Each structure stands twice: as structure tokens, then as C-alpha cells.
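S.K.: The structure file model-v6.txt (compact mmCIF, C-alpha atoms and all ligand atoms) is provided below.
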# COMPACT_ATOMS: atom_id res chain seq x y z
CA MET M 1 -13.08 70.79 46.18
CA GLU M 2 -13.81 72.34 42.78
CA SER M 3 -11.85 71.04 39.82
CA ALA M 4 -9.82 73.45 37.69
CA SER M 5 -12.22 73.03 34.77
CA SER M 6 -15.34 73.80 36.80
CA ARG M 7 -13.58 76.80 38.30
CA ASN M 8 -12.62 78.10 34.86
CA ASN M 9 -16.15 77.49 33.72
CA ALA M 10 -17.56 79.43 36.68
CA GLU M 11 -15.21 82.32 35.95
CA ALA M 12 -15.99 82.26 32.26
CA HIS M 13 -19.66 82.68 33.06
CA GLY M 14 -19.03 85.36 35.66
CA SER M 15 -20.63 83.34 38.45
CA GLU M 16 -19.79 83.53 42.15
CA SER M 17 -16.13 83.55 43.14
CA LEU M 18 -15.36 80.29 44.86
CA ALA M 19 -12.65 81.26 47.34
CA GLU M 20 -12.41 83.83 50.12
CA TRP M 21 -9.96 86.73 50.21
CA PRO M 22 -7.34 85.89 52.89
CA VAL M 23 -8.88 87.30 56.08
CA GLU M 24 -5.55 88.64 57.39
CA GLU M 25 -5.24 90.64 54.19
CA LEU M 26 -8.44 92.63 54.76
CA GLU M 27 -8.75 95.97 56.52
CA SER M 28 -11.89 97.55 57.87
CA VAL M 29 -12.95 101.03 56.78
CA PRO M 30 -15.77 102.03 59.14
CA ASP M 31 -15.75 105.75 58.22
CA CYS M 32 -16.09 107.36 54.81
CA PRO M 33 -12.56 107.55 53.32
CA ILE M 34 -13.49 110.82 51.61
CA CYS M 35 -15.22 112.95 54.24
CA GLY M 36 -14.68 110.91 57.43
CA SER M 37 -18.41 110.65 58.24
CA HIS M 38 -19.69 107.74 60.41
CA ASP M 39 -23.11 108.03 58.88
CA ARG M 40 -23.55 105.38 56.23
CA ALA M 41 -26.09 103.03 54.69
CA LEU M 42 -25.60 99.58 53.23
CA LEU M 43 -25.63 99.83 49.44
CA TYR M 44 -24.95 96.20 48.42
CA ASP M 45 -23.57 93.09 50.07
CA GLY M 46 -22.44 89.75 48.67
CA LEU M 47 -20.80 91.37 45.62
CA THR M 48 -18.24 89.29 43.72
CA ASP M 49 -15.69 89.97 41.00
CA ARG M 50 -17.88 89.56 37.94
CA VAL M 51 -15.90 91.75 35.53
CA PHE M 52 -12.57 89.91 35.38
CA GLY M 53 -13.47 86.89 37.51
CA VAL M 54 -10.02 86.74 39.14
CA ALA M 55 -10.46 88.12 42.67
CA PRO M 56 -11.75 85.83 45.41
CA GLY M 57 -14.13 87.06 48.10
CA LYS M 58 -17.53 88.63 48.68
CA TRP M 59 -17.72 92.36 49.14
CA THR M 60 -19.90 94.93 50.85
CA LEU M 61 -20.37 98.47 49.61
CA TYR M 62 -21.62 101.29 51.83
CA ARG M 63 -22.79 104.73 50.83
CA CYS M 64 -21.88 107.83 52.81
CA ALA M 65 -24.90 109.83 53.98
CA ARG M 66 -22.92 113.05 53.94
CA CYS M 67 -20.85 113.09 50.73
CA GLU M 68 -22.69 110.30 48.84
CA SER M 69 -19.50 108.44 47.90
CA ALA M 70 -19.57 104.64 48.17
CA TRP M 71 -16.77 102.52 49.59
CA LEU M 72 -15.83 98.90 50.27
CA ASP M 73 -15.71 97.74 53.87
CA PRO M 74 -13.73 95.63 54.52
CA ARG M 75 -11.32 96.04 51.63
CA PRO M 76 -8.05 94.39 50.54
CA THR M 77 -4.93 95.83 52.15
CA ARG M 78 -2.36 97.69 50.05
CA GLU M 79 -0.08 94.66 50.34
CA SER M 80 -2.66 92.19 49.02
CA ILE M 81 -4.55 94.23 46.39
CA GLY M 82 -2.30 92.84 43.61
CA LEU M 83 -4.33 89.61 43.90
CA ALA M 84 -7.23 91.44 42.25
CA TYR M 85 -5.18 92.44 39.20
CA ALA M 86 -4.13 89.11 37.69
CA ASN M 87 -4.86 89.27 33.92
CA TYR M 88 -5.95 92.88 34.29
CA TYR M 89 -6.34 94.68 30.98
CA THR M 90 -3.52 97.20 31.55
CA HIS M 91 -1.11 94.36 30.79
CA ASP M 92 -2.46 94.26 27.28
CA ALA M 93 -0.27 96.49 25.11
CA SER M 94 -2.70 96.72 22.22
CA ASP M 95 -4.54 99.95 21.51
CA HIS M 96 -8.30 99.98 21.13
CA PRO M 97 -9.50 102.29 18.37
CA ILE M 98 -12.86 104.05 18.86
CA VAL M 99 -13.94 102.92 15.38
CA ARG M 100 -12.29 100.00 13.59
CA ARG M 101 -11.37 100.51 9.94
CA LYS M 102 -13.64 97.77 8.62
CA GLY M 103 -14.96 99.00 5.31
CA GLY M 104 -17.66 101.43 4.18
CA LEU M 105 -18.87 103.95 6.75
CA ARG M 106 -16.48 102.66 9.44
CA THR M 107 -13.43 103.24 7.26
CA PHE M 108 -14.67 106.74 6.44
CA LEU M 109 -15.29 107.56 10.13
CA HIS M 110 -11.93 106.08 11.18
CA ASP M 111 -10.06 108.26 8.69
CA ALA M 112 -12.23 111.32 9.39
CA MET M 113 -11.51 110.98 13.13
CA ASN M 114 -7.79 110.90 12.35
CA ASP M 115 -8.14 114.19 10.48
CA TYR M 116 -9.99 115.69 13.46
CA ARG M 117 -7.22 114.44 15.82
CA ASN M 118 -4.54 115.89 13.55
CA THR M 119 -6.12 119.32 13.13
CA ARG M 120 -7.49 119.71 16.68
CA TYR M 121 -4.64 118.13 18.68
CA GLY M 122 -1.62 118.40 16.39
CA LEU M 123 -1.24 114.66 15.82
CA LYS M 124 -0.02 113.02 12.62
CA ARG M 125 -2.36 110.03 12.32
CA ALA M 126 -2.76 108.23 9.01
CA PRO M 127 -4.72 107.38 6.99
CA SER M 128 -6.84 110.49 7.31
CA ASN M 129 -9.68 112.03 5.36
CA CYS M 130 -9.63 115.82 5.15
CA LEU M 131 -13.42 116.05 5.59
CA GLY M 132 -13.01 114.94 9.19
CA ARG M 133 -12.25 118.38 10.62
CA TRP M 134 -15.69 119.53 9.39
CA ILE M 135 -17.77 116.39 9.88
CA ILE M 136 -16.65 115.04 13.27
CA PRO M 137 -17.64 118.22 15.17
CA LEU M 138 -21.16 117.74 13.76
CA VAL M 139 -21.47 114.30 15.43
CA PRO M 140 -21.39 115.09 19.17
CA SER M 141 -20.74 111.52 20.42
CA LEU M 142 -17.77 110.98 18.10
CA ARG M 143 -16.34 114.38 18.82
CA ALA M 144 -16.69 113.83 22.57
CA ALA M 145 -15.06 110.39 22.32
CA VAL M 146 -12.03 111.74 20.42
CA ASP M 147 -11.72 114.78 22.71
CA ALA M 148 -11.75 112.48 25.77
CA GLU M 149 -9.25 110.12 24.14
CA CYS M 150 -6.98 113.16 23.69
CA ARG M 151 -7.82 114.26 27.30
CA HIS M 152 -8.86 117.69 25.94
CA LEU M 153 -5.14 118.44 25.63
CA PRO M 154 -4.27 122.09 25.16
CA SER M 155 -1.20 123.01 23.11
CA PRO M 156 1.92 122.72 25.27
CA PRO M 157 3.02 126.03 26.81
CA PRO M 158 5.80 128.00 25.04
CA GLY M 159 9.16 126.39 25.75
CA GLY M 160 7.55 122.95 26.21
CA GLY M 161 5.13 121.47 28.69
CA ARG M 162 5.56 118.64 31.16
CA LEU M 163 2.73 116.17 31.47
CA LEU M 164 2.36 113.39 34.03
CA GLU M 165 -0.02 110.47 33.71
CA VAL M 166 -0.72 108.60 36.92
CA GLY M 167 -1.65 105.00 36.12
CA PHE M 168 -0.95 104.99 32.37
CA GLY M 169 -2.46 101.60 31.47
CA ASN M 170 -1.00 100.44 28.19
CA GLY M 171 0.72 103.81 27.59
CA GLY M 172 -1.48 104.75 24.62
CA PHE M 173 -2.17 108.24 25.92
CA LEU M 174 1.50 108.93 26.81
CA LYS M 175 2.35 108.12 23.21
CA LEU M 176 -0.42 110.46 22.00
CA ALA M 177 0.68 113.31 24.30
CA THR M 178 4.28 112.98 23.08
CA GLU M 179 3.03 113.11 19.50
CA ALA M 180 1.11 116.31 20.40
CA GLY M 181 4.38 117.95 21.52
CA TRP M 182 4.25 117.37 25.28
CA SER M 183 7.11 116.02 27.35
CA ALA M 184 5.07 113.12 28.76
CA GLU M 185 5.96 110.93 31.74
CA GLY M 186 4.04 108.18 33.50
CA ILE M 187 4.01 106.60 36.93
CA ASP M 188 2.35 103.35 37.93
CA PRO M 189 2.73 101.03 40.92
CA ASP M 190 2.50 98.01 38.61
CA GLN M 191 5.96 96.81 37.53
CA LYS M 192 4.53 94.80 34.61
CA ALA M 193 2.77 97.89 33.20
CA VAL M 194 6.02 99.88 33.58
CA GLU M 195 8.07 97.25 31.75
CA ALA M 196 5.51 97.01 28.93
CA ALA M 197 5.44 100.81 28.46
CA ARG M 198 9.25 101.04 28.56
CA SER M 199 9.43 98.45 25.82
CA ARG M 200 7.37 100.92 23.73
CA GLY M 201 9.95 103.66 24.36
CA LEU M 202 7.88 105.63 26.91
CA ASN M 203 9.28 107.63 29.82
CA VAL M 204 7.79 105.80 32.80
CA ARG M 205 8.71 104.67 36.28
CA CYS M 206 7.34 102.49 39.02
CA ALA M 207 6.18 105.04 41.61
CA SER M 208 3.19 106.69 43.25
CA ALA M 209 2.44 110.43 43.41
CA GLU M 210 3.71 110.55 47.02
CA ASP M 211 7.13 109.34 45.83
CA LEU M 212 7.70 112.41 43.64
CA LYS M 213 8.93 114.60 46.49
CA SER M 214 11.31 116.73 44.46
CA GLU M 215 8.87 117.47 41.63
CA SER M 216 6.56 119.94 43.39
CA GLY M 217 5.10 122.56 41.05
CA SER M 218 6.68 121.06 37.95
CA TYR M 219 3.88 119.55 35.81
CA ASP M 220 1.72 121.67 33.51
CA MET M 221 -0.84 118.89 33.18
CA ILE M 222 -1.66 115.75 35.15
CA VAL M 223 -3.93 113.01 33.80
CA LEU M 224 -5.70 110.42 35.90
CA CYS M 225 -7.95 108.10 33.89
CA HIS M 226 -9.87 105.50 35.90
CA VAL M 227 -7.31 105.49 38.68
CA ILE M 228 -8.74 107.45 41.63
CA GLU M 229 -11.37 104.75 42.35
CA HIS M 230 -8.58 102.17 42.72
CA VAL M 231 -6.46 103.90 45.37
CA HIS M 232 -6.64 103.43 49.14
CA ASP M 233 -6.41 107.14 49.98
CA PRO M 234 -7.90 109.15 47.12
CA LEU M 235 -7.88 112.41 49.04
CA LEU M 236 -4.13 112.13 49.68
CA VAL M 237 -3.55 111.43 45.99
CA LEU M 238 -5.53 114.53 44.95
CA ARG M 239 -3.54 116.67 47.40
CA GLU M 240 -0.28 115.25 46.05
CA LEU M 241 -1.32 115.97 42.47
CA TYR M 242 -2.18 119.54 43.46
CA ARG M 243 1.34 119.85 44.91
CA LEU M 244 2.91 118.48 41.72
CA LEU M 245 1.09 120.87 39.36
CA THR M 246 2.52 124.21 38.33
CA PRO M 247 0.36 127.21 39.31
CA GLY M 248 -2.13 127.44 36.44
CA GLY M 249 -1.60 123.72 35.65
CA THR M 250 -4.53 121.45 34.75
CA LEU M 251 -5.76 118.20 36.27
CA TRP M 252 -7.75 115.91 33.94
CA LEU M 253 -9.65 113.19 35.75
CA ASP M 254 -12.10 110.46 34.75
CA THR M 255 -13.86 108.02 37.09
CA PRO M 256 -17.17 106.10 37.27
CA ASN M 257 -20.21 108.07 38.41
CA LEU M 258 -22.25 106.47 41.21
CA ASN M 259 -25.17 108.71 40.22
CA SER M 260 -25.16 107.46 36.62
CA LYS M 261 -28.13 106.26 34.65
CA GLY M 262 -26.36 102.92 34.22
CA HIS M 263 -26.08 102.44 37.99
CA ARG M 264 -29.78 103.27 38.40
CA LYS M 265 -30.68 100.82 35.65
CA PHE M 266 -28.45 97.89 36.59
CA GLY M 267 -28.06 98.36 40.38
CA ARG M 268 -25.83 95.66 41.87
CA TYR M 269 -25.02 94.40 38.37
CA TRP M 270 -23.58 97.72 37.20
CA ARG M 271 -20.14 97.11 35.69
CA ASP M 272 -18.38 99.94 37.49
CA LEU M 273 -18.99 98.65 41.00
CA ASP M 274 -16.12 96.31 40.01
CA PRO M 275 -15.26 94.92 43.47
CA PRO M 276 -12.69 94.61 44.94
CA ARG M 277 -10.71 96.84 42.54
CA HIS M 278 -12.93 99.90 42.96
CA LEU M 279 -12.39 100.89 46.58
CA VAL M 280 -14.26 104.20 46.37
CA ILE M 281 -16.91 105.30 43.86
CA PHE M 282 -17.74 108.98 43.73
CA GLY M 283 -20.95 110.82 42.97
CA SER M 284 -20.46 113.63 40.48
CA GLU M 285 -21.35 116.41 42.91
CA SER M 286 -19.23 114.99 45.75
CA LEU M 287 -16.09 114.75 43.61
CA ILE M 288 -16.44 118.34 42.44
CA SER M 289 -16.79 119.62 46.00
CA ILE M 290 -13.79 117.49 47.09
CA LEU M 291 -11.63 119.01 44.34
CA GLY M 292 -12.70 122.47 45.54
CA GLY M 293 -11.70 121.48 49.09
CA VAL M 294 -8.22 120.49 47.88
CA GLY M 295 -7.85 123.95 46.29
CA PHE M 296 -8.69 123.39 42.64
CA VAL M 297 -10.65 126.04 40.76
CA GLY M 298 -12.26 126.24 37.32
CA VAL M 299 -13.76 122.74 37.54
CA ARG M 300 -15.33 121.87 34.17
CA ARG M 301 -17.48 118.86 33.45
CA ARG M 302 -16.55 117.13 30.21
CA TRP M 303 -18.25 114.38 28.26
CA ARG M 304 -16.61 111.10 27.38
CA GLY M 305 -18.99 110.06 24.61
CA LEU M 306 -19.97 106.47 23.66
CA SER M 307 -19.37 105.14 27.19
CA VAL M 308 -22.87 103.63 27.56
CA PHE M 309 -21.99 101.27 24.68
CA ASP M 310 -19.16 99.85 26.82
CA VAL M 311 -20.81 99.88 30.23
CA PHE M 312 -24.32 98.64 29.40
CA PRO M 313 -23.42 95.40 27.53
CA VAL M 314 -21.02 94.33 30.30
CA SER M 315 -23.56 95.20 33.02
CA GLU M 316 -26.17 93.18 31.15
CA ALA M 317 -23.75 90.22 30.88
CA ILE M 318 -23.20 90.39 34.64
CA LYS M 319 -26.96 90.55 35.27
CA TYR M 320 -27.68 87.47 33.16
CA SER M 321 -24.52 85.57 34.26
CA ARG M 322 -23.00 85.64 30.78
CA ASP M 323 -19.31 85.93 29.95
CA THR M 324 -18.27 89.56 30.42
CA ARG M 325 -15.10 89.25 28.38
CA GLY M 326 -15.72 90.52 24.91
CA ALA M 327 -19.29 91.58 25.81
CA SER M 328 -19.96 94.27 23.26
CA ARG M 329 -22.56 95.29 20.75
CA ASN M 330 -22.22 93.71 17.35
CA GLY M 331 -23.93 95.91 14.85
CA LYS M 332 -26.68 98.27 15.93
CA PRO M 333 -27.09 98.94 19.67
CA PRO M 334 -30.59 98.60 21.17
CA ILE M 335 -32.67 101.77 21.00
CA GLY M 336 -32.53 102.09 24.82
CA GLU M 337 -28.78 102.58 24.63
CA VAL M 338 -29.09 105.15 21.87
CA PHE M 339 -31.49 107.11 24.11
CA ALA M 340 -29.10 106.70 27.06
CA GLU M 341 -26.32 108.16 24.90
CA LEU M 342 -28.54 111.12 23.95
CA HIS M 343 -29.45 111.58 27.62
CA GLU M 344 -25.72 111.73 28.46
CA MET M 345 -25.25 114.56 26.02
CA PHE M 346 -27.70 116.81 27.87
CA PHE M 347 -27.64 115.62 31.51
CA SER M 348 -24.07 115.76 32.75
CA LYS M 349 -24.91 114.62 36.31
CA ASP M 350 -26.27 111.28 35.00
CA ARG M 351 -23.30 110.36 32.78
CA GLU M 352 -21.54 107.01 33.23
CA PHE M 353 -18.27 108.73 33.95
CA ILE M 354 -17.33 111.86 35.83
CA THR M 355 -14.92 113.46 33.38
CA ILE M 356 -13.55 116.78 34.58
CA THR M 357 -10.75 119.25 34.25
CA ALA M 358 -9.71 121.47 37.14
CA VAL M 359 -7.00 124.08 37.52
CA LYS M 360 -4.50 124.87 40.27
CA PRO M 361 -4.88 128.62 40.83
CA VAL M 362 -1.94 130.84 39.95
CA GLU M 363 -2.01 132.38 43.43
CA SER M 364 -2.42 129.60 45.98
ZN ZN B 401 -18.40 110.82 52.92
As C-alpha cells - that is how I would like this structure written.
Ligand SMILES: [Zn+2]
M.R.:
Amino acid sequence: MESASSRNNAEAHGSESLAEWPVEELESVPDCPICGSHDRALLYDGLTDRVFGVAPGKWTLYRCARCESAWLDPRPTRESIGLAYANYYTHDASDHPIVRRKGGLRTFLHDAMNDYRNTRYGLKRAPSNCLGRWIIPLVPSLRAAVDAECRHLPSPPPGGGRLLEVGFGNGGFLKLATEAGWSAEGIDPDQKAVEAARSRGLNVRCASAEDLKSESGSYDMIVLCHVIEHVHDPLLVLRELYRLLTPGGTLWLDTPNLNSKGHRKFGRYWRDLDPPRHLVIFGSESLISILGGVGFVGVRRRWRGLSVFDVFPVSEAIKYSRDTRGASRNGKPPIGEVFAELHEMFFSKDREFITITAVKPVES
């Protein structure tokens, strides 16, 4: 039997998980959970939790031949999936700024980004530098990162707008949306996340989209950031969100892209395989056609900006069995990552994340 210290050491270095997931807490998923096809190919087997190092088990990922989504088979049941979320980052209530205010150029950019947030999204962030509204739009990666942080929020409709965030993490965006004039609410199945957000004064409850039976057609905007890949029935969730939106309401969604440059580069070491938390991973084209099937129109691809600088260092740490926690670039990123970031700007299908907005038609 492994000692506690050797186990901690193994986890710290992201090496193989030592225990098995309880076999009675696994369910098989022979058909594609998105399109129902039987036709699949093995993508990877023997995957382990290398990102957080908390979930036991080895995992197999298949890719659908029809819709090109990937899924875990077998996967943890709904009842047992909580095992994979011990020490998960949503329990951390701290906010992570895009640029830290650490002197010189960083301080200038930090304050300039605040000015861009304030003028573009109606926030009141301080300290700010009034050059930001002119300079940030000239730096596409920074502009894209701030726009994605603000979920491309439009002004609330006259008389006030209701916004729902499904899976609100540390509540940072709910706070931002409230500041921008929205009436913002959050739902999350994780009681700890709900308690932490309530302690910050946010309007949240422990629920899933299916639980909001009486709220049909009542939200002007729904936000889903890195959530859809974690749910057992993503198609059902998308249908429920469609039901909850007002006609003309907007869905904002962000999820890893199986067709990304990072996945091609790192393969089985790519951070966003993240087994067994990511139950389904979409390809950009497949997700867009699924949203159309649910009834959404006006699907627009957006760009998150700066995501390669998060995904690549962690994927590299996984590949070379280094500690993934705190894996980040100190100082200048390698030139390959700078090129990957430029590539993202022009080739939306290859981006690390599928970031899209879609609209519920007025007549549906
Ligand atoms: Zn499929």
C-alpha cells in the first residue's frame, strides 16, 4: 500500500492516479451522448486526472464518427461525480486578473483595461487610465480577453434585464454583470460554491436548469462558461436554457475545442481532456450545428484571447510529468505560443475554446 507522502508526491507531480474509481459508480455510454450515433473510434485510453490529481481511475475517450464530439465511456455516475471535484478551483473565492498590477507596463495595462471595461461595459473599476479606451482596442488579444471576461455583455434592456449564469464558479462574473446594471442570478449544483457566492452577497441558489420550471421565457441572457463539458446530458441542458430565455434573448457559451491547435500539438497530454470531469468535448462545427438543432439562430463565434498562455503551459507540464498547479509562463512566453496566439486571431476553428453567442428567435 502506498504511504500518504508518496501518494501526495505522485499527485504533486501529476503522475498516474493510484486508485480505481468505484466500479459500481461507473456507467457505460456506448452511443454518442450528443447525436446518438453508434459509430465511434477510440481516441485515447488509460487517461488519468493529471490537472488536479484528485480523481482516481483510468479513463477512455471515444470520438463520434458522425458529429466529431468526444466522450468518456465509462464515466462517473451523477451520484459519484463529486469525487472528481475535491479541491476544485471554483471553491477558491479569489478573482484572477488578466494582468496583475505589478509596476511599469503591467500597471499601465491593468489601469488601461479598467478604463476599457468602464467605457465599453459600464463598469466602475479603479484605478483606471483614460487612455485605455483608445489603446486596448488596438491590442487584439487584450481586447478579446476583456470582452470575453465581460461575456460580450450588451447593455441591459430598458426596464432592466435578467441574467442567469449556470455554474458561476467563484461568482466573479455575477458581480461584474450586477455592476453593469443587470439583475444577475446564478445556479450551481455545488453547495460549497453556492455558500461562497452568497457570502459575497450574490443572488445564487443550488439548482440545475431543469429545476427552474416556473422561469420559462424569463431571462434576457444566459451565460455558461466551461460548464457544458461537465454535464451528463448536455443536449438536455441546451434545450432547457432555450426554454428559459426570453424570445430574442442571448446565450453566451464557452467550452474547450477538440479541434484546437493545442489538442493537435499535445494530443493525450492536452489540458482540456481533463478526465473524468470533462464528460463530453465538442468540436467547433459540431457544437454550432447542435445549437441550430435546438432552435438557436444568429450563432456568432467569439474569441477569448490569451487562452493559449493558460492551456499550453499546463499541457506541457502534463506531458513532462511536472506539477500542473501554478504552471504558468513567468516573463516572456516562447515564440511558439506567440504564433499560436496570432493563429487564434485569424483561424477561429482552431482556437482553444469555442466561444459563441446565439439567440433565441423572437418567433419560435
Ligand atoms: Zn455524435
S.K.: Return the single residue from M:Leu105, M:Ile290, M:Leu253, M:Ala327 that is closest to ligand ZN 401 (chain B), with distances computed using all atoms listed in the file.
M.R.: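 Closest candidate: M:Ile290.
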S.K.: Please return as a ChimeraX atom specification the residues found within 7 Å of ligand ZN 401 (chain B), counting only C-alpha atoms and all ligand atoms.
M.R.: /M:32-37,64-69
S.K.: With all atoms listed in the file as the atoms that count, which of M:Val359, M:Val338, M:Ile81, M:Val237 lies nearest to M:Glu25?
M.R.: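 Of the candidates, the smallest distance to M:Glu25 is held by M:Ile81.
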S.K.: I'd like the neighbourhood of M:Asp111 as a PyMOL selection string, where a residue qualifies if any of its atoms comes within 9 Å (using all atoms listed in the file), though same-chain residues fewer than 2 positions away should be ignored.
M.R.: chain M and resi 101+106-109+113-116+125-130+132
S.K.: Pick out the residues sitting within 10 Å of M:Val311, and hand them over as a list in words; count all atoms listed in the file, and ignore anything fewer than 6 positions along from it in its own chain.
M.R.: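 Surrounding residues, per the criterion: Gly262, His263, Trp270, Arg271, Asp272, Ala327, Ser328, Glu352 and Phe353 of chain M.
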S.K.: Would you place a box with edges along x, y and z of the file around all atoms of stretch 159-165 of chain M listed there, add 5 Å to each of its six sides, and report the centre and edge lengths in Å to one decimal, as AutoDock Vina command-line options?
M.R.:
--center_x 4.6 --center_y 118.4 --center_z 29.9 --size_x 19.2 --size_y 25.9 --size_z 18.3
S.K.: Could you jot down the atom CA of M:Leu131 to atom CA of M:Ala112 separation for me, Å, one decimal place?
M.R.: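 Distance reported for this atom pair: 6.2 Å.
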S.K.: Residues around (-16.3, 114.9, 29.4), cut-off 6 Å, counting all atoms listed in the file - what are they as a PyMOL selection string?
M.R.: chain M and resi 301-304+355
S.K.: M:Ser199, M:Ser183, M:Ser218, M:Ser289: which is nearest M:Leu163, counting only C-alpha atoms?
M.R.: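 Looking at the shortest contact to M:Leu163, the residue is M:Ser183.
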S.K.: Nearest to M:Arg268: which of M:Gly249, M:Pro22, M:Gly172, M:Gly46 is it, counting all atoms listed in the file?
M.R.: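 Using all atoms listed in the file, M:Arg268 sits closest to M:Gly46.
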S.K.: Would you please work out which residue, of M:Asn170, M:Leu176, M:Ser28, M:Val227, is nearest to M:Ala197 when using only C-alpha atoms?
M.R.: M:Asn170
S.K.: Taking all atoms listed in the file into account, which of M:Leu287, M:Pro140, M:Ala193, M:Lys175 comes nearest M:Phe346?
M.R.: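 Of the candidates, the smallest distance to M:Phe346 is held by M:Pro140.
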S.K.: Give me, please, the distance in Å between atom CA of M:Glu285 and atom CA of M:Arg351, quoted to one decimal.
M.R.: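 Atom CA of M:Glu285 sits 12.0 Å away from atom CA of M:Arg351.
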S.K.: Tell me which residues come within 10 Å of (2.4, 111.5, 25.8), as a count of residues only, counting only C-alpha atoms in the file's coordinates.
M.R.: 24
S.K.: Give me, please, the distance in Å between atom CA of M:Asn257 and atom CA of M:Ile281, quoted to one decimal.
M.R.: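 One can read the atom CA of M:Asn257 to atom CA of M:Ile281 distance as 6.9 Å.
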S.K.: Residues within 8 Å of M:Val231, please, as number ranges by chain. Count only C-alpha atoms; anything in the same chain fewer than 6 positions from it doesn't count.
M.R.: M: 278-280
S.K.: Please rebuild stretch 125-144 of chain M with N, CA and C atoms and give the result as an mmCIF file, keeping the file's coordinate frame.
M.R.:
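What ended up in result_36.cif:
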data_model
loop_
_atom_site.group_PDB
_atom_site.id
_atom_site.type_symbol
_atom_site.label_atom_id
_atom_site.label_comp_id
_atom_site.auth_asym_id
_atom_site.auth_seq_id
_atom_site.Cartn_x
_atom_site.Cartn_y
_atom_site.Cartn_z
ATOM 1 N N ARG M 125 -1.818 111.379 12.530
ATOM 2 C CA ARG M 125 -2.360 110.030 12.320
ATOM 3 C C ARG M 125 -2.712 109.806 10.852
ATOM 4 N N ALA M 126 -2.427 108.597 10.390
ATOM 5 C CA ALA M 126 -2.760 108.230 9.010
ATOM 6 C C ALA M 126 -3.382 106.823 9.038
ATOM 7 N N PRO M 127 -4.232 106.509 8.058
ATOM 8 C CA PRO M 127 -4.720 107.380 6.990
ATOM 9 C C PRO M 127 -5.776 108.361 7.523
ATOM 10 N N SER M 128 -5.845 109.510 6.876
ATOM 11 C CA SER M 128 -6.840 110.490 7.310
ATOM 12 C C SER M 128 -7.637 110.976 6.107
ATOM 13 N N ASN M 129 -8.801 111.499 6.399
ATOM 14 C CA ASN M 129 -9.680 112.030 5.360
ATOM 15 C C ASN M 129 -9.985 113.483 5.705
ATOM 16 N N CYS M 130 -9.602 114.401 4.811
ATOM 17 C CA CYS M 130 -9.630 115.820 5.150
ATOM 18 C C CYS M 130 -11.024 116.388 5.420
ATOM 19 N N LEU M 131 -12.065 115.583 5.240
ATOM 20 C CA LEU M 131 -13.420 116.050 5.590
ATOM 21 C C LEU M 131 -13.650 115.969 7.099
ATOM 22 N N GLY M 132 -12.801 115.216 7.775
ATOM 23 C CA GLY M 132 -13.010 114.940 9.190
ATOM 24 C C GLY M 132 -13.098 116.181 10.060
ATOM 25 N N ARG M 133 -12.272 117.167 9.780
ATOM 26 C CA ARG M 133 -12.250 118.380 10.620
ATOM 27 C C ARG M 133 -13.596 119.102 10.581
ATOM 28 N N TRP M 134 -14.373 118.891 9.510
ATOM 29 C CA TRP M 134 -15.690 119.530 9.390
ATOM 30 C C TRP M 134 -16.799 118.603 9.874
ATOM 31 N N ILE M 135 -16.654 117.320 9.601
ATOM 32 C CA ILE M 135 -17.770 116.390 9.880
ATOM 33 C C ILE M 135 -17.798 115.920 11.340
ATOM 34 N N ILE M 136 -16.644 115.593 11.895
ATOM 35 C CA ILE M 136 -16.650 115.040 13.270
ATOM 36 C C ILE M 136 -17.267 116.008 14.283
ATOM 37 N N PRO M 137 -16.981 117.326 14.205
ATOM 38 C CA PRO M 137 -17.640 118.220 15.170
ATOM 39 C C PRO M 137 -19.161 118.246 15.057
ATOM 40 N N LEU M 138 -19.695 117.758 13.922
ATOM 41 C CA LEU M 138 -21.160 117.740 13.760
ATOM 42 C C LEU M 138 -21.791 116.492 14.399
ATOM 43 N N VAL M 139 -20.956 115.527 14.819
ATOM 44 C CA VAL M 139 -21.470 114.300 15.430
ATOM 45 C C VAL M 139 -21.008 114.293 16.893
ATOM 46 N N PRO M 140 -21.856 114.818 17.804
ATOM 47 C CA PRO M 140 -21.390 115.090 19.170
ATOM 48 C C PRO M 140 -20.746 113.891 19.879
ATOM 49 N N SER M 141 -21.314 112.674 19.718
ATOM 50 C CA SER M 141 -20.740 111.520 20.420
ATOM 51 C C SER M 141 -19.326 111.212 19.945
ATOM 52 N N LEU M 142 -19.104 111.282 18.634
ATOM 53 C CA LEU M 142 -17.770 110.980 18.100
ATOM 54 C C LEU M 142 -16.774 112.055 18.512
ATOM 55 N N ARG M 143 -17.221 113.294 18.421
ATOM 56 C CA ARG M 143 -16.340 114.380 18.820
ATOM 57 C C ARG M 143 -15.953 114.248 20.299
ATOM 58 N N ALA M 144 -16.962 113.968 21.136
ATOM 59 C CA ALA M 144 -16.690 113.830 22.570
ATOM 60 C C ALA M 144 -15.736 112.670 22.843
#
